[in-house]
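The data block below is input.txt; it holds compact mmCIF, C-alpha atoms and all ligand atoms.
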# COMPACT_ATOMS: atom_id res chain seq x y z
CA MET A 1147 24.79 6.21 7.53
CA LYS A 1148 23.38 3.39 9.62
CA ALA A 1149 19.94 2.19 8.52
CA ILE A 1150 17.14 3.31 10.82
CA ILE A 1151 14.80 0.40 10.18
CA THR A 1152 16.47 -2.65 11.69
CA PRO A 1153 16.13 -6.16 10.21
CA LYS A 1154 13.29 -7.43 12.46
CA TYR A 1155 10.97 -4.80 10.92
CA TYR A 1156 11.10 -6.72 7.65
CA PHE A 1157 9.76 -10.01 8.97
CA GLU A 1158 8.25 -9.88 12.47
CA PRO A 1159 4.48 -10.53 12.36
CA SER A 1160 3.76 -8.26 15.36
CA LEU A 1161 5.53 -5.32 13.71
CA TYR A 1162 3.61 -6.02 10.52
CA THR A 1163 0.32 -5.73 12.44
CA GLU A 1164 1.55 -2.57 14.13
CA GLU A 1165 2.40 -0.86 10.85
CA GLN A 1166 -1.00 -1.76 9.39
CA ASN A 1167 -2.54 0.15 12.31
CA LYS A 1168 -0.10 3.02 12.56
CA ILE A 1169 0.71 3.64 8.89
CA PHE A 1170 -1.73 2.05 6.45
CA SER A 1171 -4.81 2.99 8.49
CA THR A 1172 -3.75 6.54 9.19
CA THR A 1173 -2.35 7.93 5.94
CA TRP A 1174 -3.89 8.68 2.57
CA MET A 1175 -3.78 5.53 0.44
CA PHE A 1176 -3.96 5.47 -3.35
CA VAL A 1177 -6.77 3.19 -4.55
CA GLY A 1178 -7.30 3.87 -8.26
CA PHE A 1179 -8.09 6.30 -11.06
CA THR A 1180 -11.17 8.49 -11.53
CA ASN A 1181 -11.34 7.43 -15.21
CA ASP A 1182 -12.15 3.89 -14.09
CA LEU A 1183 -15.11 5.12 -12.05
CA ALA A 1184 -16.55 7.63 -14.49
CA ASN A 1185 -20.01 6.05 -14.82
CA PRO A 1186 -22.67 5.51 -12.17
CA ASN A 1187 -22.22 2.09 -10.51
CA ASP A 1188 -18.60 1.67 -11.68
CA PHE A 1189 -16.69 0.18 -8.79
CA LEU A 1190 -13.32 -1.16 -7.74
CA THR A 1191 -12.28 -3.06 -4.65
CA VAL A 1192 -9.07 -2.91 -2.64
CA GLU A 1193 -7.74 -3.98 0.72
CA ILE A 1194 -6.28 -1.29 2.92
CA ALA A 1195 -4.66 -2.39 6.18
CA GLY A 1196 -6.34 -5.73 5.51
CA ILE A 1197 -9.81 -4.15 5.39
CA PRO A 1198 -11.92 -4.89 2.29
CA VAL A 1199 -12.98 -1.58 0.73
CA ALA A 1200 -15.36 -0.87 -2.15
CA VAL A 1201 -14.90 2.37 -4.04
CA GLN A 1202 -17.91 3.14 -6.19
CA ASN A 1203 -19.54 5.80 -8.30
CA LEU A 1204 -22.91 6.18 -6.59
CA LYS A 1205 -25.22 8.60 -8.37
CA GLY A 1206 -22.24 10.41 -9.90
CA GLU A 1207 -20.14 10.71 -6.78
CA ILE A 1208 -17.20 8.44 -5.93
CA LYS A 1209 -17.41 7.07 -2.39
CA ALA A 1210 -15.59 4.46 -0.33
CA PHE A 1211 -17.27 2.01 2.04
CA LYS A 1212 -16.29 -1.07 3.96
CA ASN A 1213 -17.03 -3.89 1.50
CA VAL A 1214 -18.72 -6.11 4.11
CA CYS A 1215 -22.47 -6.64 4.24
CA SER A 1216 -24.21 -5.63 7.48
CA HIS A 1217 -26.59 -8.61 7.26
CA ARG A 1218 -24.45 -11.75 7.50
CA PHE A 1219 -21.05 -10.26 6.61
CA SER A 1220 -20.49 -11.41 3.05
CA ILE A 1221 -18.12 -9.40 0.87
CA ILE A 1222 -20.42 -7.21 -1.25
CA HIS A 1223 -18.44 -6.61 -4.43
CA THR A 1224 -16.44 -9.77 -5.06
CA GLU A 1225 -14.57 -8.69 -8.20
CA LYS A 1226 -11.65 -6.29 -8.51
CA SER A 1227 -13.74 -3.94 -10.62
CA GLY A 1228 -16.95 -3.75 -12.59
CA ASN A 1229 -20.25 -1.94 -12.99
CA ARG A 1230 -23.13 -3.00 -10.83
CA PRO A 1231 -25.46 -1.59 -8.17
CA PHE A 1232 -24.11 -1.80 -4.63
CA VAL A 1233 -25.91 -5.07 -3.80
CA CYS A 1234 -24.75 -8.00 -1.68
CA PRO A 1235 -24.59 -11.30 -3.62
CA TYR A 1236 -25.70 -13.43 -0.64
CA HIS A 1237 -29.30 -12.37 0.13
CA GLY A 1238 -29.51 -9.27 -2.02
CA TRP A 1239 -29.32 -6.35 0.38
CA ALA A 1240 -28.95 -3.19 -1.70
CA TYR A 1241 -27.07 -0.17 -0.31
CA ASN A 1242 -27.74 3.44 -1.23
CA GLU A 1243 -25.26 6.29 -1.74
CA GLU A 1244 -25.00 6.77 2.01
CA GLY A 1245 -24.19 3.11 2.62
CA ILE A 1246 -27.60 2.45 4.16
CA PRO A 1247 -29.31 -0.84 3.22
CA THR A 1248 -32.46 0.52 1.64
CA GLY A 1249 -33.36 -2.42 -0.59
CA ILE A 1250 -33.96 -5.56 1.48
CA PRO A 1251 -35.64 -8.63 -0.03
CA LYS A 1252 -38.52 -9.94 2.15
CA LYS A 1253 -38.13 -6.88 4.33
CA PRO A 1254 -41.29 -7.40 6.46
CA TYR A 1255 -39.70 -10.53 7.97
CA PHE A 1256 -37.13 -8.27 9.68
CA GLU A 1257 -39.48 -5.64 11.15
CA PHE A 1258 -36.84 -2.90 10.65
CA SER A 1259 -37.63 0.73 11.40
CA ASP A 1260 -35.92 3.47 9.34
CA GLU A 1261 -33.73 4.12 12.38
CA ASP A 1262 -32.68 0.45 12.48
CA LEU A 1263 -31.61 0.66 8.86
CA LYS A 1264 -29.51 3.76 9.53
CA CYS A 1265 -27.74 1.86 12.31
CA LEU A 1266 -26.78 -0.78 9.73
CA ARG A 1267 -25.02 1.82 7.57
CA LEU A 1268 -21.70 0.65 6.09
CA GLU A 1269 -18.61 2.34 7.44
CA GLN A 1270 -17.61 5.11 5.05
CA TYR A 1271 -14.03 6.27 4.48
CA GLN A 1272 -12.63 9.69 3.67
CA LEU A 1273 -12.01 9.97 -0.06
CA GLU A 1274 -10.29 12.73 -2.01
CA THR A 1275 -8.84 13.04 -5.46
CA CYS A 1276 -5.76 14.73 -6.89
CA GLY A 1277 -6.09 15.01 -10.66
CA THR A 1278 -7.18 11.52 -11.70
CA LEU A 1279 -5.77 9.81 -8.60
CA ILE A 1280 -8.16 8.59 -5.90
CA PHE A 1281 -6.97 8.31 -2.31
CA ILE A 1282 -8.83 7.14 0.78
CA LYS A 1283 -8.10 7.17 4.49
CA ILE A 1284 -9.32 4.52 6.91
CA LYS A 1285 -9.08 6.45 10.19
CA PRO A 1286 -10.60 9.90 9.74
CA ASP A 1287 -8.63 13.00 10.70
CA GLU A 1288 -8.20 16.64 9.72
CA VAL A 1289 -5.34 16.24 7.25
CA SER A 1290 -6.69 16.77 3.75
CA LEU A 1291 -5.08 15.08 0.74
CA ARG A 1292 -3.89 18.49 -0.43
CA GLN A 1293 -2.14 19.06 2.89
CA TYR A 1294 -0.74 15.55 2.89
CA LEU A 1295 0.76 15.84 -0.59
CA ALA A 1296 1.94 19.41 0.10
CA SER A 1297 3.71 20.87 -2.94
CA TYR A 1298 3.38 17.52 -4.74
CA TYR A 1299 -0.36 18.09 -4.94
CA PRO A 1300 -0.24 20.48 -7.93
CA LEU A 1301 2.51 18.44 -9.57
CA LEU A 1302 0.61 15.15 -9.27
CA GLU A 1303 -2.55 16.87 -10.40
CA GLU A 1304 -0.85 18.07 -13.56
CA MET A 1305 0.99 14.79 -14.16
CA SER A 1306 -2.02 12.53 -13.66
CA ASN A 1307 -4.17 14.74 -15.86
CA ALA A 1308 -1.59 14.09 -18.59
CA PHE A 1309 -1.96 10.30 -18.31
CA GLY A 1310 -3.34 9.10 -21.64
CA GLU A 1311 -3.67 5.56 -22.91
CA LEU A 1312 -2.97 2.78 -20.41
CA VAL A 1313 -0.22 0.76 -22.08
CA ASP A 1314 0.14 -1.97 -19.46
CA VAL A 1315 -0.98 -3.15 -16.04
CA ASN A 1316 1.45 -5.53 -14.45
CA GLU A 1317 0.51 -7.23 -11.21
CA MET A 1318 2.77 -9.62 -9.37
CA LEU A 1319 3.25 -11.09 -5.94
CA ILE A 1320 6.72 -10.49 -4.59
CA GLY A 1321 8.04 -12.69 -1.82
CA ALA A 1322 9.40 -9.74 0.15
CA ASN A 1323 8.21 -7.32 2.81
CA TRP A 1324 6.66 -4.17 1.30
CA LYS A 1325 9.47 -1.98 2.66
CA VAL A 1326 12.10 -4.06 0.87
CA VAL A 1327 10.25 -3.40 -2.39
CA VAL A 1328 9.70 0.32 -1.73
CA GLU A 1329 13.25 0.94 -0.55
CA ASN A 1330 14.63 -0.83 -3.61
CA THR A 1331 12.90 1.73 -5.83
CA LEU A 1332 14.28 4.64 -3.78
CA GLU A 1333 17.92 4.13 -4.69
CA SER A 1334 19.79 3.89 -7.95
CA TYR A 1335 22.85 2.24 -6.39
CA HIS A 1336 21.60 -1.19 -7.56
CA VAL A 1337 21.01 -0.14 -11.17
CA ASN A 1338 24.46 -1.02 -12.54
CA LEU A 1339 24.25 -4.66 -11.48
CA ILE A 1340 20.57 -5.57 -11.26
CA HIS A 1341 19.48 -3.65 -14.36
CA LYS A 1342 22.70 -3.84 -16.33
CA ASP A 1343 20.99 -4.60 -19.64
CA SER A 1344 17.84 -2.55 -19.03
CA PHE A 1345 17.48 0.56 -16.85
CA ARG A 1346 21.25 1.19 -16.78
CA LYS A 1347 21.13 1.95 -20.50
CA LEU A 1348 19.04 5.07 -19.84
CA GLY A 1349 22.14 6.62 -18.32
CA THR A 1350 20.54 8.04 -15.19
CA SER A 1351 22.91 9.47 -12.60
CA GLY A 1352 23.44 11.89 -9.76
CA LEU A 1353 22.02 12.80 -6.39
CA ASN A 1354 19.47 15.44 -7.30
CA PHE A 1355 16.93 14.62 -4.59
CA GLU A 1356 13.97 16.58 -3.25
CA PHE A 1357 12.33 15.99 0.11
CA ILE A 1358 8.83 17.19 0.84
CA ASP A 1359 7.39 16.09 4.16
CA ARG A 1360 7.38 12.27 4.05
CA HIS A 1361 7.67 12.18 0.26
CA SER A 1362 10.70 12.48 -1.95
CA ALA A 1363 11.84 12.58 -5.55
CA TRP A 1364 14.91 11.98 -7.64
CA ASN A 1365 15.52 13.99 -10.79
CA THR A 1366 18.09 12.95 -13.33
CA GLY A 1367 19.11 13.64 -16.88
CA LEU A 1368 19.20 10.80 -19.37
CA LYS A 1369 21.87 9.64 -21.76
CA PHE A 1370 19.74 10.74 -24.67
CA GLU A 1371 18.21 14.17 -24.32
CA GLU A 1372 15.29 15.25 -26.38
CA GLU A 1373 17.47 17.38 -28.64
CA ASP A 1374 19.22 14.27 -29.98
CA SER A 1375 18.02 13.48 -33.46
CA ALA A 1376 17.22 9.79 -32.80
CA VAL A 1377 15.09 10.79 -29.81
CA LYS A 1378 13.41 13.58 -31.73
CA ALA A 1379 12.09 11.13 -34.31
CA ILE A 1380 10.64 8.79 -31.67
CA HIS A 1381 9.13 11.69 -29.72
CA LYS A 1382 7.56 13.41 -32.70
CA PRO A 1383 4.04 12.03 -32.13
CA TYR A 1384 4.13 13.29 -28.53
CA LYS A 1385 5.44 16.77 -29.22
CA GLU A 1386 2.18 18.49 -28.31
CA ARG A 1387 1.85 16.92 -24.88
CA PRO A 1388 0.34 18.53 -21.78
CA PHE A 1389 3.15 17.79 -19.32
CA VAL A 1390 6.68 18.42 -20.50
CA MET A 1391 9.75 17.77 -18.39
CA ARG A 1392 13.40 17.01 -18.97
CA GLY A 1393 14.98 13.64 -18.24
CA TYR A 1394 13.56 11.31 -15.65
CA LYS A 1395 11.76 11.89 -12.37
CA HIS A 1396 10.92 9.29 -9.73
CA MET A 1397 8.70 10.18 -6.77
CA ILE A 1398 7.34 8.40 -3.75
CA VAL A 1399 4.07 9.34 -2.14
CA PHE A 1400 4.65 7.91 1.32
CA PRO A 1401 4.34 5.11 2.13
CA ASN A 1402 3.76 2.96 -0.96
CA VAL A 1403 3.05 4.82 -4.21
CA LEU A 1404 5.83 5.28 -6.74
CA ILE A 1405 5.38 7.56 -9.71
CA SER A 1406 7.89 8.15 -12.45
CA SER A 1407 8.04 9.79 -15.82
CA THR A 1408 10.45 10.02 -18.71
CA TYR A 1409 10.24 13.40 -20.46
CA GLY A 1410 6.55 13.62 -19.52
CA ILE A 1411 5.95 11.16 -22.38
CA SER A 1412 5.65 7.91 -20.47
CA PHE A 1413 4.46 7.50 -16.91
CA ASN A 1414 4.59 4.70 -14.42
CA LEU A 1415 2.54 4.48 -11.27
CA SER A 1416 3.20 1.52 -8.98
CA VAL A 1417 1.59 0.58 -5.69
CA VAL A 1418 3.16 -1.82 -3.21
CA THR A 1419 0.48 -3.38 -1.01
CA PRO A 1420 1.51 -5.52 1.95
CA VAL A 1421 -0.04 -9.01 1.86
CA ASP A 1422 1.77 -10.34 4.92
CA GLU A 1423 5.13 -9.65 6.53
CA ASN A 1424 6.95 -11.62 3.82
CA THR A 1425 4.80 -10.88 0.77
CA SER A 1426 3.77 -7.83 -1.23
CA LEU A 1427 1.42 -7.24 -4.09
CA PHE A 1428 3.05 -5.05 -6.70
CA ARG A 1429 0.73 -3.39 -9.19
CA SER A 1430 2.16 -1.20 -11.85
CA TYR A 1431 0.43 0.94 -14.49
CA VAL A 1432 2.20 2.28 -17.55
CA PHE A 1433 0.64 5.25 -19.33
CA ILE A 1434 1.59 7.13 -22.43
CA THR A 1435 0.97 10.87 -22.46
CA LYS A 1436 -2.30 12.28 -23.71
CA LYS A 1437 -1.93 13.71 -27.17
CA ASP A 1438 -4.05 15.16 -29.94
CA SER A 1439 -7.08 12.95 -30.05
CA GLY A 1440 -8.37 11.71 -33.36
CA LYS A 1441 -4.92 11.13 -34.79
CA GLU A 1442 -4.35 7.56 -35.95
CA LYS A 1443 -1.64 5.74 -34.07
CA GLY A 1444 1.35 5.12 -36.32
CA ALA A 1445 3.62 2.06 -36.45
CA LEU A 1446 6.36 3.99 -34.69
CA GLU A 1447 4.10 4.81 -31.75
CA GLU A 1448 2.90 1.23 -31.56
CA ALA A 1449 6.49 -0.01 -31.43
CA TYR A 1450 7.46 2.61 -28.85
CA GLU A 1451 4.56 1.68 -26.57
CA ASN A 1452 5.35 -2.03 -26.86
CA SER A 1453 8.96 -1.36 -26.01
CA LEU A 1454 7.84 0.63 -22.96
CA LYS A 1455 5.75 -2.27 -21.77
CA ASP A 1456 8.58 -4.76 -22.26
CA PHE A 1457 11.07 -2.42 -20.63
CA ASN A 1458 8.95 -1.92 -17.51
CA ARG A 1459 8.22 -5.61 -17.16
CA THR A 1460 11.90 -6.50 -17.50
CA VAL A 1461 13.00 -3.93 -14.93
CA PHE A 1462 10.35 -4.97 -12.39
CA ALA A 1463 11.11 -8.69 -12.84
CA GLU A 1464 14.75 -7.88 -12.06
CA ASP A 1465 13.69 -5.96 -8.95
CA LYS A 1466 11.38 -8.78 -7.85
CA PHE A 1467 14.27 -11.24 -8.08
CA ILE A 1468 16.60 -9.21 -5.89
CA CYS A 1469 13.92 -8.16 -3.36
CA GLU A 1470 13.16 -11.84 -2.75
CA LYS A 1471 16.86 -12.47 -2.15
CA VAL A 1472 16.89 -9.64 0.42
CA GLN A 1473 13.88 -11.12 2.19
CA GLN A 1474 15.68 -14.46 2.44
CA GLY A 1475 18.83 -12.84 3.76
CA VAL A 1476 17.44 -10.28 6.19
CA LYS A 1477 16.28 -12.93 8.67
CA TYR A 1478 19.85 -14.15 9.17
CA THR A 1479 21.90 -10.98 9.38
CA SER A 1480 23.51 -9.76 12.57
CA TYR A 1481 24.01 -6.23 11.17
CA ASN A 1482 21.67 -3.26 10.98
CA GLY A 1483 22.34 -2.22 7.38
CA GLU A 1484 24.38 0.65 5.89
CA LEU A 1485 23.19 3.43 3.62
CA SER A 1486 25.29 5.60 1.29
CA GLU A 1487 24.54 9.11 0.06
CA GLU A 1488 23.02 7.57 -3.04
CA GLU A 1489 20.52 5.91 -0.68
CA THR A 1490 19.44 9.12 1.09
CA ARG A 1491 15.83 8.68 0.01
CA VAL A 1492 15.81 5.28 1.71
CA CYS A 1493 17.08 6.97 4.84
CA LYS A 1494 14.31 9.63 4.73
CA PHE A 1495 11.69 6.96 4.09
CA GLN A 1496 12.95 5.10 7.16
CA GLU A 1497 12.82 8.26 9.28
CA SER A 1498 9.20 8.86 8.31
CA TYR A 1499 8.36 5.22 8.96
CA LYS A 1500 9.99 5.22 12.39
CA ALA A 1501 8.30 8.47 13.37
CA LEU A 1502 4.88 6.93 12.68
CA MET A 1503 5.76 3.65 14.38
CA SER A 1504 7.04 5.20 17.60
S1 LIG B 1601 -25.00 -11.33 3.85
FE1 LIG B 1601 -25.40 -9.72 2.53
S2 LIG B 1601 -27.48 -9.85 2.15
FE2 LIG B 1601 -27.12 -11.43 3.53
FE FE B 1602 15.36 -1.46 -9.61
Write out the structure in this file as structure tokens.
Amino acid sequence: MKAIITPKYYFEPSLYTEEQNKIFSTTWMFVGFTNDLANPNDFLTVEIAGIPVAVQNLKGEIKAFKNVCSHRFSIIHTEKSGNRPFVCPYHGWAYNEEGIPTGIPKKPYFEFSDEDLKCLRLEQYQLETCGTLIFIKIKPDEVSLRQYLASYYPLLEEMSNAFGELVDVNEMLIGANWKVVVENTLESYHVNLIHKDSFRKLGTSGLNFEFIDRHSAWNTGLKFEEEDSAVKAIHKPYKERPFVMRGYKHMIVFPNVLISSTYGISFNLSVVTPVDENTSLFRSYVFITKKDSGKEKGALEEAYENSLKDFNRTVFAEDKFICEKVQQGVKYTSYNGELSEEETRVCKFQESYKALMS
């Protein structure tokens, strides 16, 4: 198969701007987890299509607003996350749960009517959740998150509700276009060489793919199945887990969220955020399954969780290395790229991308 996305799409600034408008502004974007916004005034900040967004628990409800003050345009929440009223740090304008500036220091100097204040309302974005996952959409339309995720909605709901302790958050800048990073995760062809001492040892194989709208998944068995005695011992503490599956599953929620699980015991959720046409921010969360609360964590569990963290970090460092090599090379090729059957998910990703870009 010939690749559908041609090389210029990986480095041309004008195409980068176009995809911010046509893809990142128009589709549901993952921004964080409900658990992190459980209390009133908990907030997190993200950039979607370059727009600063604040997602905050305001009087018990999670909402998303443009994170830019209506007064003199300062960023309102300047940290990545925290707990604070929705107040601008510059002159102290305070916004209510509708994004209206209702608390204004020295207000009489402005002579605002109530109507004036409503006109200064912050732009609000559509926000929906699936299990513990929060998604927002910059340009409003009729497609609900449930419709967007299609049959992955119930699966992601069940999976994310099974996320227990957060074992690791790994954030790194990768010197490669976001599509290089995403496409790399959509094929296992590179595993034998790039991950020869890490991921390869899991013994994944095969072409068991699923395609659901723009999303896709790969299901594979593992070298060690749960019935093996060595595995049984390690898995004992997680026997009573809420989400049980065989082997390994890797999914993409188009365009930039990657979710995988091994046996339903460990989970990884990674988001690839474009920074510019040659740079991506890769943020990866590793969770261990929820299990019976109140039970003390044993030494075996501690060791298993540490090994998970190390394993994920090793694998992603290997991917970072090769993605940066691709970014260097892609500017100089005179070919369009070839895809094998093992890279069918890359092909489908490219089809979805091209459909939105046309
Ligand atoms: S810029 Fe925000 S209060 Fe002045
Ligand atoms: Fe990889």
Exercise for the section: Produce as a VMD selection string the set of residues near ligand FE 1602 (chain B), where near means within 7 Å with all atoms listed in the file considered. Expected result: chain A and resid 1330 to 1331 1336 to 1337 1340 to 1341 1461 to 1462 1464 to 1465
Output as JSON lines one row per residue of chain A within 9 Å of ligand LIG 1601 (chain B): the closest atom pair and its distance in Å to one decimal place, counting all atoms listed in the file, sorted by chain and residue number ascending.
{"residue": "A:Val1214", "atom": "CA", "partner": "B:LIG1601", "partner_atom": "FE1", "distance": 7.8}
{"residue": "A:Cys1215", "atom": "CA", "partner": "B:LIG1601", "partner_atom": "FE1", "distance": 4.6}
{"residue": "A:Ser1216", "atom": "CA", "partner": "B:LIG1601", "partner_atom": "FE1", "distance": 6.5}
{"residue": "A:His1217", "atom": "CA", "partner": "B:LIG1601", "partner_atom": "S1", "distance": 4.6}
{"residue": "A:Arg1218", "atom": "CA", "partner": "B:LIG1601", "partner_atom": "S1", "distance": 3.7}
{"residue": "A:Phe1219", "atom": "CA", "partner": "B:LIG1601", "partner_atom": "S1", "distance": 4.9}
{"residue": "A:Ser1220", "atom": "CA", "partner": "B:LIG1601", "partner_atom": "S1", "distance": 4.6}
{"residue": "A:Ile1221", "atom": "CA", "partner": "B:LIG1601", "partner_atom": "FE1", "distance": 7.5}
{"residue": "A:Ile1222", "atom": "CA", "partner": "B:LIG1601", "partner_atom": "FE1", "distance": 6.7}
{"residue": "A:Val1233", "atom": "CA", "partner": "B:LIG1601", "partner_atom": "S2", "distance": 7.8}
{"residue": "A:Cys1234", "atom": "CA", "partner": "B:LIG1601", "partner_atom": "FE1", "distance": 4.6}
{"residue": "A:Pro1235", "atom": "CA", "partner": "B:LIG1601", "partner_atom": "FE1", "distance": 6.4}
{"residue": "A:Tyr1236", "atom": "CA", "partner": "B:LIG1601", "partner_atom": "FE2", "distance": 4.8}
{"residue": "A:His1237", "atom": "CA", "partner": "B:LIG1601", "partner_atom": "S2", "distance": 3.7}
{"residue": "A:Gly1238", "atom": "CA", "partner": "B:LIG1601", "partner_atom": "S2", "distance": 4.7}
{"residue": "A:Trp1239", "atom": "CA", "partner": "B:LIG1601", "partner_atom": "S2", "distance": 4.3}
{"residue": "A:Ala1240", "atom": "CA", "partner": "B:LIG1601", "partner_atom": "S2", "distance": 7.8}
{"residue": "A:Ile1250", "atom": "CA", "partner": "B:LIG1601", "partner_atom": "S2", "distance": 7.8}
{"residue": "A:Pro1251", "atom": "CA", "partner": "B:LIG1601", "partner_atom": "S2", "distance": 8.5}
Handout entry: Contact residues around A:Val1315 with all atoms listed in the file at 7 Å, ignoring same-chain residues under 5 positions, as a PyMOL selection string
Key = chain A and resi 1430-1432
Problem - Coordinates-based distance that separates atom CA of A:Thr1275 from atom CA of A:Ser1407 (Å, one decimal) - result: 20.1 Å
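Straight-line separation from atom CA of A:Ile1169 to atom CA of A:Ala1210: 18.7 Å.
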Problem - Long-range neighbours of A:Glu1225 as a ChimeraX atom specification, 10 Å cut-off, all atoms listed in the file, 2 positions minimum in chain - result: /A:1189-1192,1200,1221-1223,1227-1228
Atoms to include: C-alpha atoms. Write the selected residues as an mmCIF file, in the coordinates of the input.
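File result.cif, as written:
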data_model
loop_
_atom_site.group_PDB
_atom_site.id
_atom_site.type_symbol
_atom_site.label_atom_id
_atom_site.label_comp_id
_atom_site.auth_asym_id
_atom_site.auth_seq_id
_atom_site.Cartn_x
_atom_site.Cartn_y
_atom_site.Cartn_z
ATOM 1 C CA PHE A 1189 -16.690 0.180 -8.790
ATOM 2 C CA LEU A 1190 -13.320 -1.160 -7.740
ATOM 3 C CA THR A 1191 -12.280 -3.060 -4.650
ATOM 4 C CA VAL A 1192 -9.070 -2.910 -2.640
ATOM 5 C CA ALA A 1200 -15.360 -0.870 -2.150
ATOM 6 C CA ILE A 1221 -18.120 -9.400 0.870
ATOM 7 C CA ILE A 1222 -20.420 -7.210 -1.250
ATOM 8 C CA HIS A 1223 -18.440 -6.610 -4.430
ATOM 9 C CA SER A 1227 -13.740 -3.940 -10.620
ATOM 10 C CA GLY A 1228 -16.950 -3.750 -12.590
#
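Here atom CA of A:Leu1291 is placed at a distance of 6.3 Å from atom CA of A:Glu1274.
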Exercise for the section: Select, counting all atoms listed in the file, all protein, DNA and RNA residues no farther than 12 Å from (15.3, -1.1, -8.1) in file coordinates, and express the selection as a ChimeraX atom specification. Expected result: /A:1326-1342,1344-1346,1396,1404,1458,1460-1469,1489,1492
Problem - Spatial sel., origin (9.6, -2.6, 4.8), limit 10 Å, all atoms listed in the file, listed as a list in words - result: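 Result, sorted by chain then residue number: Ile1151, Thr1152, Pro1153, Lys1154, Tyr1155, Tyr1156, Phe1157, Tyr1162, Glu1165, Ala1322, Asn1323, Trp1324, Lys1325, Val1326, Val1327, Val1328, Glu1329, Asn1330, Pro1401, Asn1402, Pro1420, Glu1423, Asn1424, Ser1426, Gln1473, Phe1495, Gln1496 and Tyr1499 of chain A.
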Handout entry: Surrounding residues of A:Lys1283 excluding itself and chain neighbours under 2 positions, 9 Å, only C-alpha atoms, as a PyMOL selection string
Key = chain A and resi 1170-1175+1194+1271-1274+1281+1285-1287
Problem - Residue nearest A:Phe1211 - candidates A:Leu1295, A:Val1421, A:Leu1161, A:Ile1284, atoms counted: all atoms listed in the file - result: A:Ile1284
For stretch 1242-1245 of chain A: contacts at 8 Å, only C-alpha atoms, fewer than 3 positions along chain excluded, given as a compact mmCIF listing (two decimals) with C-alpha atoms, in the coordinates of the input:
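So around.txt came out as:
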# COMPACT_ATOMS: atom_id res chain seq x y z
CA LEU A 1204 -22.91 6.18 -6.59
CA LYS A 1205 -25.22 8.60 -8.37
CA LYS A 1209 -17.41 7.07 -2.39
CA PHE A 1211 -17.27 2.01 2.04
CA PHE A 1232 -24.11 -1.80 -4.63
CA THR A 1248 -32.46 0.52 1.64
CA ARG A 1267 -25.02 1.82 7.57
CA LEU A 1268 -21.70 0.65 6.09
CA GLU A 1269 -18.61 2.34 7.44
CA GLN A 1270 -17.61 5.11 5.05
Problem - For A:Lys1382: contacts at 10 Å, only C-alpha atoms, fewer than 5 positions along chain excluded, given as a list in words - result: Val1377, Leu1446 and Glu1447 of chain A
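Ranking A:Val1201, A:Tyr1478, A:Leu1427, A:Lys1441 by their shortest atom-to-atom distance to A:Asn1316, with all atoms listed in the file included, puts A:Leu1427 first.
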Emit as lines of an AutoDock Vina configuration file the padded axis-aligned box for all listed atoms of stretch 1342-1348 of chain A, 6 Å per side, with centre and edge lengths in Å to one decimal.
center_x = 20.1
center_y = 0.2
center_z = -18.4
size_x = 17.2
size_y = 21.7
size_z = 16.2
Completion exercise
Using all atoms listed in the file, the shortest atom-to-atom distance to A:Trp1364 among A:Lys1471, A:Asn1414, A:Thr1490, A:Arg1387 belongs to A:Thr1490
Problem - Top pick for closest residue to A:Val1399, considering A:Val1476, A:Ala1363, A:Ala1376, A:Tyr1384 and counting all atoms listed in the file - result: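 Residue with the minimum atom-to-atom distance to A:Val1399: A:Ala1363.
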